[in-house]
file start_22.pdb (PDB, C-alpha atoms and all ligand atoms)
ATOM      1  CA  MET A   1     -14.719  36.837 -21.132  1.00  0.00           C
ATOM      2  CA  ARG A   2     -13.314  33.311 -21.183  1.00  0.00           C
ATOM      3  CA  THR A   3     -15.121  30.749 -18.996  1.00  0.00           C
ATOM      4  CA  PRO A   4     -12.940  28.499 -16.823  1.00  0.00           C
ATOM      5  CA  THR A   5     -12.297  25.251 -18.654  1.00  0.00           C
ATOM      6  CA  LEU A   6     -10.718  23.176 -15.875  1.00  0.00           C
ATOM      7  CA  LEU A   7     -14.108  22.516 -14.265  1.00  0.00           C
ATOM      8  CA  PRO A   8     -14.806  18.771 -14.564  1.00  0.00           C
ATOM      9  CA  ASN A   9     -17.690  19.186 -17.024  1.00  0.00           C
ATOM     10  CA  LYS A  10     -15.959  21.809 -19.184  1.00  0.00           C
ATOM     11  CA  ARG A  11     -12.474  20.448 -19.701  1.00  0.00           C
ATOM     12  CA  SER A  12     -11.419  18.101 -22.476  1.00  0.00           C
ATOM     13  CA  ASP A  13      -9.775  14.716 -21.877  1.00  0.00           C
ATOM     14  CA  GLU A  14      -6.438  16.231 -22.807  1.00  0.00           C
ATOM     15  CA  GLN A  15      -6.855  18.990 -20.210  1.00  0.00           C
ATOM     16  CA  THR A  16      -7.880  16.414 -17.600  1.00  0.00           C
ATOM     17  CA  ARG A  17      -4.815  14.370 -18.447  1.00  0.00           C
ATOM     18  CA  ALA A  18      -2.571  17.432 -18.116  1.00  0.00           C
ATOM     19  CA  ALA A  19      -4.201  18.412 -14.803  1.00  0.00           C
ATOM     20  CA  TYR A  20      -3.586  14.941 -13.358  1.00  0.00           C
ATOM     21  CA  ARG A  21      -0.032  14.961 -14.695  1.00  0.00           C
ATOM     22  CA  MET A  22       0.678  18.210 -12.839  1.00  0.00           C
ATOM     23  CA  LEU A  23      -0.983  16.907  -9.689  1.00  0.00           C
ATOM     24  CA  ARG A  24       1.084  13.714  -9.920  1.00  0.00           C
ATOM     25  CA  ASP A  25       4.288  15.750 -10.331  1.00  0.00           C
ATOM     26  CA  CYS A  26       3.366  17.725  -7.186  1.00  0.00           C
ATOM     27  CA  PHE A  27       2.714  14.484  -5.312  1.00  0.00           C
ATOM     28  CA  HIS A  28       6.042  12.993  -6.391  1.00  0.00           C
ATOM     29  CA  TYR A  29       7.833  16.214  -5.445  1.00  0.00           C
ATOM     30  CA  ALA A  30       6.406  15.944  -1.931  1.00  0.00           C
ATOM     31  CA  LEU A  31       7.229  12.227  -1.610  1.00  0.00           C
ATOM     32  CA  ASN A  32      10.780  12.664  -2.898  1.00  0.00           C
ATOM     33  CA  THR A  33      13.479  11.740  -0.378  1.00  0.00           C
ATOM     34  CA  SER A  34      16.598  11.555  -2.536  1.00  0.00           C
ATOM     35  CA  THR A  35      16.928  14.604  -4.834  1.00  0.00           C
ATOM     36  CA  CYS A  36      17.515  18.213  -3.761  1.00  0.00           C
ATOM     37  CA  ARG A  37      14.142  19.988  -3.875  1.00  0.00           C
ATOM     38  CA  ALA A  38      15.550  23.117  -5.523  1.00  0.00           C
ATOM     39  CA  LYS A  39      17.052  20.900  -8.223  1.00  0.00           C
ATOM     40  CA  ILE A  40      13.675  19.283  -8.945  1.00  0.00           C
ATOM     41  CA  LEU A  41      11.892  22.644  -9.151  1.00  0.00           C
ATOM     42  CA  VAL A  42      14.487  24.202 -11.433  1.00  0.00           C
ATOM     43  CA  LYS A  43      14.535  21.109 -13.663  1.00  0.00           C
ATOM     44  CA  TYR A  44      10.735  21.146 -13.831  1.00  0.00           C
ATOM     45  CA  PHE A  45      10.949  24.551 -15.489  1.00  0.00           C
ATOM     46  CA  GLY A  46      13.588  23.372 -17.930  1.00  0.00           C
ATOM     47  CA  GLU A  47      16.824  24.572 -16.344  1.00  0.00           C
ATOM     48  CA  GLU A  48      19.841  22.892 -14.828  1.00  0.00           C
ATOM     49  CA  PHE A  49      20.670  23.586 -11.198  1.00  0.00           C
ATOM     50  CA  GLY A  50      24.266  22.438 -11.374  1.00  0.00           C
ATOM     51  CA  PRO A  51      26.035  19.481  -9.814  1.00  0.00           C
ATOM     52  CA  ASP A  52      25.562  20.441  -6.144  1.00  0.00           C
ATOM     53  CA  GLY A  53      22.334  20.658  -4.198  1.00  0.00           C
ATOM     54  CA  CYS A  54      20.999  23.828  -2.553  1.00  0.00           C
ATOM     55  CA  LYS A  55      22.320  22.712   0.882  1.00  0.00           C
ATOM     56  CA  MET A  56      19.191  24.203   2.424  1.00  0.00           C
ATOM     57  CA  CYS A  57      16.316  21.784   1.737  1.00  0.00           C
ATOM     58  CA  ASP A  58      15.382  18.775   3.900  1.00  0.00           C
ATOM     59  CA  VAL A  59      16.993  16.353   1.444  1.00  0.00           C
ATOM     60  CA  CYS A  60      20.296  18.277   1.360  1.00  0.00           C
ATOM     61  CA  ILE A  61      20.320  18.607   5.164  1.00  0.00           C
ATOM     62  CA  ASN A  62      19.099  15.130   6.188  1.00  0.00           C
ATOM     63  CA  GLY A  63      20.465  13.220   3.241  1.00  0.00           C
ATOM     64  CA  PRO A  64      18.639  10.438   1.413  1.00  0.00           C
ATOM     65  CA  PRO A  65      17.345   7.365   3.309  1.00  0.00           C
ATOM     66  CA  GLU A  66      19.154   4.063   3.013  1.00  0.00           C
ATOM     67  CA  MET A  67      18.669   2.367  -0.360  1.00  0.00           C
ATOM     68  CA  HIS A  68      16.479  -0.693  -0.277  1.00  0.00           C
ATOM     69  CA  ASP A  69      16.551  -3.787  -2.489  1.00  0.00           C
ATOM     70  CA  PHE A  70      13.020  -4.068  -3.915  1.00  0.00           C
ATOM     71  CA  LYS A  71      13.815  -7.009  -6.180  1.00  0.00           C
ATOM     72  CA  GLU A  72      12.016  -9.807  -4.320  1.00  0.00           C
ATOM     73  CA  GLU A  73       8.773  -7.844  -4.013  1.00  0.00           C
ATOM     74  CA  ALA A  74       9.103  -6.474  -7.549  1.00  0.00           C
ATOM     75  CA  VAL A  75       9.317 -10.013  -8.968  1.00  0.00           C
ATOM     76  CA  VAL A  76       6.262 -11.109  -6.943  1.00  0.00           C
ATOM     77  CA  PHE A  77       4.266  -8.022  -7.988  1.00  0.00           C
ATOM     78  CA  MET A  78       5.210  -8.284 -11.657  1.00  0.00           C
ATOM     79  CA  ASN A  79       4.498 -12.022 -11.761  1.00  0.00           C
ATOM     80  CA  VAL A  80       1.002 -11.328 -10.417  1.00  0.00           C
ATOM     81  CA  LEU A  81       0.503  -8.634 -13.074  1.00  0.00           C
ATOM     82  CA  GLN A  82       1.613 -11.076 -15.745  1.00  0.00           C
ATOM     83  CA  ALA A  83      -0.681 -13.808 -14.417  1.00  0.00           C
ATOM     84  CA  GLN A  84      -3.608 -11.345 -14.252  1.00  0.00           C
ATOM     85  CA  ALA A  85      -2.972 -10.286 -17.834  1.00  0.00           C
ATOM     86  CA  ALA A  86      -2.796 -13.930 -18.904  1.00  0.00           C
ATOM     87  CA  THR A  87      -6.157 -14.767 -17.315  1.00  0.00           C
ATOM     88  CA  GLU A  88      -7.656 -11.705 -19.014  1.00  0.00           C
ATOM     89  CA  GLY A  89      -6.554 -13.151 -22.314  1.00  0.00           C
ATOM     90  CA  MET A  90      -3.890 -10.537 -23.054  1.00  0.00           C
ATOM     91  CA  ASP A  91      -0.955 -11.739 -25.091  1.00  0.00           C
ATOM     92  CA  TYR A  92       2.317 -10.289 -23.852  1.00  0.00           C
ATOM     93  CA  ASN A  93       4.250 -12.020 -26.622  1.00  0.00           C
ATOM     94  CA  SER A  94       2.645 -10.157 -29.472  1.00  0.00           C
ATOM     95  CA  THR A  95       4.840  -7.255 -30.504  1.00  0.00           C
ATOM     96  CA  ASP A  96       2.033  -4.885 -31.460  1.00  0.00           C
ATOM     97  CA  CYS A  97       0.838  -4.995 -27.843  1.00  0.00           C
ATOM     98  CA  TYR A  98       3.174  -2.149 -26.846  1.00  0.00           C
ATOM     99  CA  THR A  99       3.178  -0.171 -30.040  1.00  0.00           C
ATOM    100  CA  SER A 100      -0.537   0.065 -30.744  1.00  0.00           C
ATOM    101  CA  GLY A 101      -1.204   2.354 -27.794  1.00  0.00           C
ATOM    102  CA  ARG A 102      -3.775   1.864 -25.030  1.00  0.00           C
ATOM    103  CA  ARG A 103      -6.255  -0.962 -25.013  1.00  0.00           C
ATOM    104  CA  ASN A 104      -9.521  -1.174 -23.142  1.00  0.00           C
ATOM    105  CA  ILE A 105      -9.263  -1.201 -19.344  1.00  0.00           C
ATOM    106  CA  GLY A 106     -10.979  -4.571 -18.906  1.00  0.00           C
ATOM    107  CA  ALA A 107      -8.018  -6.368 -20.462  1.00  0.00           C
ATOM    108  CA  VAL A 108      -5.452  -4.804 -18.134  1.00  0.00           C
ATOM    109  CA  PRO A 109      -4.330  -5.775 -14.615  1.00  0.00           C
ATOM    110  CA  ASP A 110      -5.842  -3.914 -11.706  1.00  0.00           C
ATOM    111  CA  PHE A 111      -3.548  -2.557  -8.963  1.00  0.00           C
ATOM    112  CA  ARG A 112      -5.950  -3.140  -6.062  1.00  0.00           C
ATOM    113  CA  MET A 113      -6.728  -6.677  -7.188  1.00  0.00           C
ATOM    114  CA  ALA A 114      -3.033  -7.474  -7.561  1.00  0.00           C
ATOM    115  CA  VAL A 115      -2.222  -6.231  -4.035  1.00  0.00           C
ATOM    116  CA  SER A 116      -5.222  -8.031  -2.482  1.00  0.00           C
ATOM    117  CA  TYR A 117      -4.113 -11.213  -4.208  1.00  0.00           C
ATOM    118  CA  ILE A 118      -0.525 -10.919  -2.909  1.00  0.00           C
ATOM    119  CA  ARG A 119      -1.627 -10.116   0.660  1.00  0.00           C
ATOM    120  CA  GLU A 120      -4.061 -13.010   0.667  1.00  0.00           C
ATOM    121  CA  LYS A 121      -1.866 -15.669  -0.941  1.00  0.00           C
ATOM    122  CA  ILE A 122       1.604 -14.879   0.428  1.00  0.00           C
ATOM    123  CA  PRO A 123       1.652 -14.894   4.251  1.00  0.00           C
ATOM    124  CA  ARG A 124       4.838 -12.838   4.609  1.00  0.00           C
ATOM    125  CA  PHE A 125       3.195  -9.979   2.705  1.00  0.00           C
ATOM    126  CA  ALA A 126      -0.107 -10.176   4.588  1.00  0.00           C
ATOM    127  CA  MET A 127       0.741  -7.051   6.620  1.00  0.00           C
ATOM    128  CA  THR A 128       2.468  -5.121   3.825  1.00  0.00           C
ATOM    129  CA  ASP A 129       0.317  -2.079   3.274  1.00  0.00           C
ATOM    130  CA  LYS A 130      -1.228  -0.978  -0.042  1.00  0.00           C
ATOM    131  CA  ILE A 131       0.681   2.295   0.395  1.00  0.00           C
ATOM    132  CA  TRP A 132       3.919   0.302   0.340  1.00  0.00           C
ATOM    133  CA  TRP A 133       2.938  -1.405  -2.933  1.00  0.00           C
ATOM    134  CA  GLN A 134       2.017   1.959  -4.442  1.00  0.00           C
ATOM    135  CA  GLY A 135       5.558   3.075  -3.643  1.00  0.00           C
ATOM    136  CA  LEU A 136       6.936  -0.015  -5.347  1.00  0.00           C
ATOM    137  CA  ALA A 137       4.745   0.701  -8.388  1.00  0.00           C
ATOM    138  CA  ARG A 138       6.234   4.240  -8.585  1.00  0.00           C
ATOM    139  CA  ILE A 139       9.744   2.764  -8.536  1.00  0.00           C
ATOM    140  CA  LEU A 140       8.884   0.214 -11.241  1.00  0.00           C
ATOM    141  CA  GLU A 141       7.291   2.970 -13.324  1.00  0.00           C
ATOM    142  CA  ASP A 142      10.441   5.098 -12.897  1.00  0.00           C
ATOM    143  CA  VAL A 143      12.731   2.340 -14.150  1.00  0.00           C
ATOM    144  CA  GLY A 144      10.322   1.612 -16.994  1.00  0.00           C
ATOM    145  CA  TYR A 145       9.231  -1.923 -15.994  1.00  0.00           C
ATOM    146  CA  ILE A 146       5.536  -1.098 -15.735  1.00  0.00           C
ATOM    147  CA  GLN A 147       3.306   1.603 -17.181  1.00  0.00           C
ATOM    148  CA  GLU A 148      -0.127   3.012 -16.453  1.00  0.00           C
ATOM    149  CA  ALA A 149      -2.658   1.632 -18.908  1.00  0.00           C
ATOM    150  CA  ALA A 150      -5.605   3.801 -17.881  1.00  0.00           C
ATOM    151  CA  GLU A 151      -6.943   6.196 -20.522  1.00  0.00           C
ATOM    152  CA  ILE A 152      -6.607   9.055 -18.045  1.00  0.00           C
ATOM    153  CA  PRO A 153      -3.852   8.312 -15.491  1.00  0.00           C
ATOM    154  CA  ARG A 154      -4.664   9.558 -11.984  1.00  0.00           C
ATOM    155  CA  VAL A 155      -2.231  10.474  -9.215  1.00  0.00           C
ATOM    156  CA  LEU A 156      -1.851   6.863  -8.042  1.00  0.00           C
ATOM    157  CA  ILE A 157      -1.343   3.987 -10.447  1.00  0.00           C
ATOM    158  CA  GLN A 158      -4.569   2.116 -11.221  1.00  0.00           C
ATOM    159  CA  HIS A 159      -3.945  -0.299 -14.080  1.00  0.00           C
ATOM    160  CA  PRO A 160      -0.263  -1.233 -14.142  1.00  0.00           C
ATOM    161  CA  GLU A 161       0.868  -3.291 -17.100  1.00  0.00           C
ATOM    162  CA  LEU A 162       4.275  -4.777 -17.781  1.00  0.00           C
ATOM    163  CA  THR A 163       6.456  -3.178 -20.413  1.00  0.00           C
ATOM    164  CA  ARG A 164       8.929  -4.994 -22.665  1.00  0.00           C
ATOM    165  CA  ALA A 165      11.712  -4.006 -20.257  1.00  0.00           C
ATOM    166  CA  GLY A 166       9.633  -5.379 -17.377  1.00  0.00           C
ATOM    167  CA  LEU A 167       9.119  -8.677 -19.186  1.00  0.00           C
ATOM    168  CA  ASN A 168      12.841  -8.879 -19.925  1.00  0.00           C
ATOM    169  CA  PHE A 169      13.607  -8.235 -16.248  1.00  0.00           C
ATOM    170  CA  LEU A 170      11.198 -11.024 -15.222  1.00  0.00           C
ATOM    171  CA  SER A 171      12.576 -13.543 -17.689  1.00  0.00           C
ATOM    172  CA  SER A 172      16.284 -12.814 -17.138  1.00  0.00           C
ATOM    173  CA  GLN A 173      16.443 -11.904 -13.410  1.00  0.00           C
ATOM    174  CA  PRO A 174      20.193 -12.205 -12.850  1.00  0.00           C
ATOM    175  CA  ASP A 175      20.546 -13.570  -9.322  1.00  0.00           C
ATOM    176  CA  GLU A 176      23.342 -11.319  -8.151  1.00  0.00           C
ATOM    177  CA  GLU A 177      21.707  -8.063  -9.213  1.00  0.00           C
ATOM    178  CA  GLY A 178      19.238  -6.362  -6.906  1.00  0.00           C
ATOM    179  CA  LEU A 179      16.711  -3.647  -7.659  1.00  0.00           C
ATOM    180  CA  TYR A 180      18.017  -0.861  -5.429  1.00  0.00           C
ATOM    181  CA  ALA A 181      16.062   2.343  -4.972  1.00  0.00           C
ATOM    182  CA  TYR A 182      15.445   5.038  -2.346  1.00  0.00           C
ATOM    183  CA  PRO A 183      12.156   4.458  -0.525  1.00  0.00           C
ATOM    184  CA  ASP A 184       9.983   7.578  -0.860  1.00  0.00           C
ATOM    185  CA  ALA A 185       8.238   9.293   2.064  1.00  0.00           C
ATOM    186  CA  ALA A 186       5.049   7.210   1.762  1.00  0.00           C
ATOM    187  CA  THR A 187       7.056   3.974   1.599  1.00  0.00           C
ATOM    188  CA  LEU A 188       9.073   4.974   4.679  1.00  0.00           C
ATOM    189  CA  LEU A 189       5.831   5.696   6.520  1.00  0.00           C
ATOM    190  CA  ALA A 190       4.396   2.318   5.513  1.00  0.00           C
ATOM    191  CA  ILE A 191       7.595   0.599   6.708  1.00  0.00           C
ATOM    192  CA  SER A 192       7.616   2.382  10.088  1.00  0.00           C
ATOM    193  CA  ASN A 193       3.864   1.800  10.669  1.00  0.00           C
ATOM    194  CA  PRO A 194       3.208  -1.573   9.075  1.00  0.00           C
ATOM    195  CA  LYS A 195      -0.280  -1.942  10.592  1.00  0.00           C
ATOM    196  CA  SER A 196      -1.573   1.584  11.035  1.00  0.00           C
ATOM    197  CA  PHE A 197      -3.418   1.940   7.729  1.00  0.00           C
ATOM    198  CA  SER A 198      -4.870  -1.503   7.225  1.00  0.00           C
ATOM    199  CA  SER A 199      -5.696  -2.374  10.824  1.00  0.00           C
ATOM    200  CA  SER A 200      -8.213   0.445  11.235  1.00  0.00           C
ATOM    201  CA  SER A 201     -10.059  -0.506   8.071  1.00  0.00           C
ATOM    202  CA  GLU A 202      -9.979  -4.186   8.997  1.00  0.00           C
ATOM    203  CA  TRP A 203     -11.352  -3.362  12.437  1.00  0.00           C
ATOM    204  CA  GLY A 204     -14.232  -1.505  10.771  1.00  0.00           C
ATOM    205  CA  ARG A 205     -14.831  -4.308   8.323  1.00  0.00           C
ATOM    206  CA  GLY A 206     -14.900  -6.883  11.118  1.00  0.00           C
ATOM    207  CA  TRP A 207     -18.084  -5.456  12.646  1.00  0.00           C
ATOM    208  CA  ALA A 208     -20.036  -6.400   9.526  1.00  0.00           C
ATOM    209  CA  ASP A 209     -19.241 -10.067  10.185  1.00  0.00           C
ATOM    210  CA  PRO A 210     -21.764 -11.388  12.770  1.00  0.00           C
ATOM    211  CA  GLU A 211     -19.320 -13.947  14.168  1.00  0.00           C
ATOM    212  CA  ILE A 212     -16.498 -11.409  14.694  1.00  0.00           C
ATOM    213  CA  ARG A 213     -18.982  -8.903  16.145  1.00  0.00           C
ATOM    214  CA  ARG A 214     -20.286 -11.519  18.598  1.00  0.00           C
ATOM    215  CA  GLN A 215     -16.730 -12.411  19.680  1.00  0.00           C
ATOM    216  CA  ARG A 216     -15.723  -8.781  20.151  1.00  0.00           C
ATOM    217  CA  LEU A 217     -18.839  -7.945  22.169  1.00  0.00           C
ATOM    218  CA  ALA A 218     -18.444 -11.113  24.241  1.00  0.00           C
ATOM    219  CA  GLY A 219     -14.804 -10.204  24.862  1.00  0.00           C
ATOM    220  CA  LYS A 220     -15.795  -6.747  26.145  1.00  0.00           C
ATOM    221  CA  THR A 221     -18.487  -7.890  28.596  1.00  0.00           C
ATOM    222  CA  GLY A 222     -16.354 -10.853  29.658  1.00  0.00           C
ATOM    223  CA  ARG A 223     -13.562  -8.535  30.723  1.00  0.00           C
ATOM    224  CA  ARG A 224     -15.958  -6.311  32.682  1.00  0.00           C
ATOM    225  CA  LYS A 225     -17.517  -9.279  34.487  1.00  0.00           C
ATOM    226  CA  ARG A 226     -14.140 -10.576  35.554  1.00  0.00           C
ATOM    227  CA  LYS A 227     -13.269  -7.186  37.051  1.00  0.00           C
ATOM    228  CA  ARG A 228     -16.493  -6.951  39.027  1.00  0.00           C
ATOM    229  CA  GLY A 229     -16.073 -10.505  40.249  1.00  0.00           C
ATOM    230  CA  SER A 230     -12.594  -9.824  41.543  1.00  0.00           C
ATOM    231  CA  ARG A 231     -13.923  -7.115  43.851  1.00  0.00           C
ATOM    232  CA  LYS A 232     -16.352  -9.548  45.482  1.00  0.00           C
ATOM    233  CA  GLN A 233     -13.666 -12.097  46.212  1.00  0.00           C
ATOM    234  CA  PRO A 234     -13.374 -12.994  49.868  1.00  0.00           C
ATOM    235  CA  ALA A 235     -10.106 -11.901  51.429  1.00  0.00           C
ATOM    236  CA  GLY A 236      -7.538 -14.511  52.260  1.00  0.00           C
ATOM    237  CA  PHE A 237      -8.020 -16.700  49.197  1.00  0.00           C
ATOM    238  CA  THR A 238      -5.455 -15.959  46.527  1.00  0.00           C
ATOM    239  CA  THR A 239      -5.598 -18.938  44.172  1.00  0.00           C
ATOM    240  CA  ALA A 240      -8.525 -20.326  42.219  1.00  0.00           C
ATOM    241  CA  LYS A 241      -8.153 -23.645  44.020  1.00  0.00           C
ATOM    242  CA  GLU A 242      -8.494 -21.993  47.438  1.00  0.00           C
ATOM    243  CA  ARG A 243     -11.560 -20.026  46.337  1.00  0.00           C
ATOM    244  CA  LEU A 244     -13.152 -23.132  44.877  1.00  0.00           C
ATOM    245  CA  SER A 245     -12.598 -25.207  47.995  1.00  0.00           C
ATOM    246  CA  ALA A 246     -14.033 -22.351  50.093  1.00  0.00           C
ATOM    247  CA  ILE A 247     -17.221 -22.304  47.983  1.00  0.00           C
ATOM    248  CA  LEU A 248     -17.482 -26.104  48.094  1.00  0.00           C
ATOM    249  CA  SER A 249     -17.092 -26.240  51.829  1.00  0.00           C
ATOM    250  CA  LYS A 250     -19.848 -23.567  52.201  1.00  0.00           C
ATOM    251  CA  SER A 251     -22.290 -25.555  50.044  1.00  0.00           C
ATOM    252  CA  LYS A 252     -21.454 -28.723  51.999  1.00  0.00           C
ATOM    253  CA  ARG A 253     -22.281 -26.932  55.226  1.00  0.00           C
ATOM    254  CA  ARG A 254     -25.644 -25.811  53.774  1.00  0.00           C
ATOM    255  CA  LYS A 255     -26.565 -29.420  53.006  1.00  0.00           C
TER     256      LYS A 255
HETATM  257 ZN    ZN B   1      18.637  20.947  -1.636  1.00  0.00          ZN
END
call {"tool": "encode", "arguments": {"input": "start_22.pdb", "output": "structure tokens"}}
result
Amino acid sequence: MRTPTLLPNKRSDEQTRAAYRMLRDCFHYALNTSTCRAKILVKYFGEEFGPDGCKMCDVCINGPPEMHDFKEEAVVFMNVLQAQAATEGMDYNSTDCYTSGRRNIGAVPDFRMAVSYIREKIPRFAMTDKIWWQGLARILEDVGYIQEAAEIPRVLIQHPELTRAGLNFLSSQPDEEGLYAYPDAATLLAISNPKSFSSSSEWGRGWADPEIRRQRLAGKTGRRKRKRGSRKQPAGFTTAKERLSAILSKSKRRK
């Protein structure tokens, strides 16, 4: 009897790579918003579906979303990748860089670091979610401007590096041409809920900071106190000035 070889400790690197490739294909199939689903499935198994869609799937029925120009963000993202690579001492001008295969991970840009850098340094992208940038990375990978440099690529891009085509795009950048693509399902979600993913994690992170924690706790009790106080207010005094003069006149009488 043959023992299962896809268990993490039994499979080879090549099997792991193939497993992730299949998982990534599944993920992209689910995120797809622009190609007939029957077409994708049939093509996956090496056949042609024909020019028309199935007219039954969600894409055929709803149609693709509006195309979006990703050029501005793509240039920012790719410039950060290039700068990261430069500080790591990688030479994008040497020709063997893209023909000699993978290098070690330490010398390659890191997706999470790149996105953190952009969100921190460029105010207009401060609220743009990591999920949105992952969508952009998929588009750039599709057009061949970046590639995954990890030894074993996972479902989401981890170590994006610029390709020759990407470098050419960065250096030429014709002003009139955009970088139009269909936003995928994850990108659409990130656009419609710009704060939903990051705000919850930031809220959680905030409690670790003693100053933020103090402010939040003070804000909570402060609100409660104000409510209780309002119940005790004497009737007939509506403004703060009236209440204050009432208290002052009472204390004067006591004296
Ligand atoms: Zn279809």
call {"tool": "resolve_selection", "arguments": {"input": "start_22.pdb", "expression": "the PyMOL selection byres (((chain A and resi 159) around 12) and not hetatm)", "output": "ChimeraX atom specification"}}
result
/A:81,84-85,102-115,134,137,141,146-158,160-162
call {"tool": "closest_residue", "arguments": {"input": "start_22.pdb", "among": "A:Tyr44, A:Phe49, A:Phe70, A:Phe27", "to": "ligand ZN 1 (chain B)", "atoms": "only C-alpha atoms and all ligand atoms"}}
result
A:Phe49
call {"tool": "closest_residue", "arguments": {"input": "start_22.pdb", "among": "A:Glu120, A:Asp52, A:Glu66, A:Glu72", "to": "ligand ZN 1 (chain B)", "atoms": "all atoms listed in the file"}}
result
A:Asp52
call {"tool": "resolve_selection", "arguments": {"input": "start_22.pdb", "expression": "the PyMOL selection byres (((chain A and resi 187) around 10) and not hetatm)", "output": "PDB file with C-alpha atoms, in the frame of the given file"}}
result
ATOM      1  CA  LEU A  31       7.229  12.227  -1.610  1.00  0.00           C
ATOM      2  CA  ASP A 129       0.317  -2.079   3.274  1.00  0.00           C
ATOM      3  CA  LYS A 130      -1.228  -0.978  -0.042  1.00  0.00           C
ATOM      4  CA  ILE A 131       0.681   2.295   0.395  1.00  0.00           C
ATOM      5  CA  TRP A 132       3.919   0.302   0.340  1.00  0.00           C
ATOM      6  CA  TRP A 133       2.938  -1.405  -2.933  1.00  0.00           C
ATOM      7  CA  GLN A 134       2.017   1.959  -4.442  1.00  0.00           C
ATOM      8  CA  GLY A 135       5.558   3.075  -3.643  1.00  0.00           C
ATOM      9  CA  LEU A 136       6.936  -0.015  -5.347  1.00  0.00           C
ATOM     10  CA  TYR A 182      15.445   5.038  -2.346  1.00  0.00           C
ATOM     11  CA  PRO A 183      12.156   4.458  -0.525  1.00  0.00           C
ATOM     12  CA  ASP A 184       9.983   7.578  -0.860  1.00  0.00           C
ATOM     13  CA  ALA A 185       8.238   9.293   2.064  1.00  0.00           C
ATOM     14  CA  ALA A 186       5.049   7.210   1.762  1.00  0.00           C
ATOM     15  CA  LEU A 188       9.073   4.974   4.679  1.00  0.00           C
ATOM     16  CA  LEU A 189       5.831   5.696   6.520  1.00  0.00           C
ATOM     17  CA  ALA A 190       4.396   2.318   5.513  1.00  0.00           C
ATOM     18  CA  ILE A 191       7.595   0.599   6.708  1.00  0.00           C
ATOM     19  CA  SER A 192       7.616   2.382  10.088  1.00  0.00           C
ATOM     20  CA  ASN A 193       3.864   1.800  10.669  1.00  0.00           C
TER      21      ASN A 193
END
call {"tool": "closest_atom_pairs", "arguments": {"input": "start_22.pdb", "of": "chain A", "to": "ligand ZN 1 (chain B)", "cutoff": "10 Å", "atoms": "all atoms listed in the file", "output": "tab-separated table"}}
result
residue	atom	partner	partner_atom	distance
A:Ser34	CA	B:ZN1	ZN	9.7
A:Thr35	CA	B:ZN1	ZN	7.3
A:Cys36	CA	B:ZN1	ZN	3.6
A:Arg37	CA	B:ZN1	ZN	5.1
A:Ala38	CA	B:ZN1	ZN	5.4
A:Lys39	CA	B:ZN1	ZN	6.8
A:Ile40	CA	B:ZN1	ZN	9.0
A:Asp52	CA	B:ZN1	ZN	8.3
A:Gly53	CA	B:ZN1	ZN	4.5
A:Cys54	CA	B:ZN1	ZN	3.8
A:Lys55	CA	B:ZN1	ZN	4.8
A:Met56	CA	B:ZN1	ZN	5.2
A:Cys57	CA	B:ZN1	ZN	4.2
A:Asp58	CA	B:ZN1	ZN	6.8
A:Val59	CA	B:ZN1	ZN	5.8
A:Cys60	CA	B:ZN1	ZN	4.3
A:Ile61	CA	B:ZN1	ZN	7.4
A:Asn62	CA	B:ZN1	ZN	9.8
A:Gly63	CA	B:ZN1	ZN	9.3
call {"tool": "atom_distance", "arguments": {"input": "start_22.pdb", "atom1": "atom CA of Asp175 of chain A", "atom2": "atom CA of Ala126 of chain A"}}
result
25.1 Å
call {"tool": "atom_distance", "arguments": {"input": "start_22.pdb", "atom1": "atom CA of Thr128 of chain A", "atom2": "atom CA of Ala74 of chain A"}}
result
13.2 Å
call {"tool": "residues_near_point", "arguments": {"input": "start_22.pdb", "point": "(13.5, -4.5, -0.4)", "cutoff": "9 Å", "atoms": "only C-alpha atoms", "output": "JSON, numbers by chain"}}
result
{"A": [67, 68, 69, 70, 71, 72, 73, 74, 178, 179, 180, 181]}
call {"tool": "atom_distance", "arguments": {"input": "start_22.pdb", "atom1": "atom CA of Leu41 of chain A", "atom2": "atom CA of Tyr29 of chain A"}}
result
8.5 Å
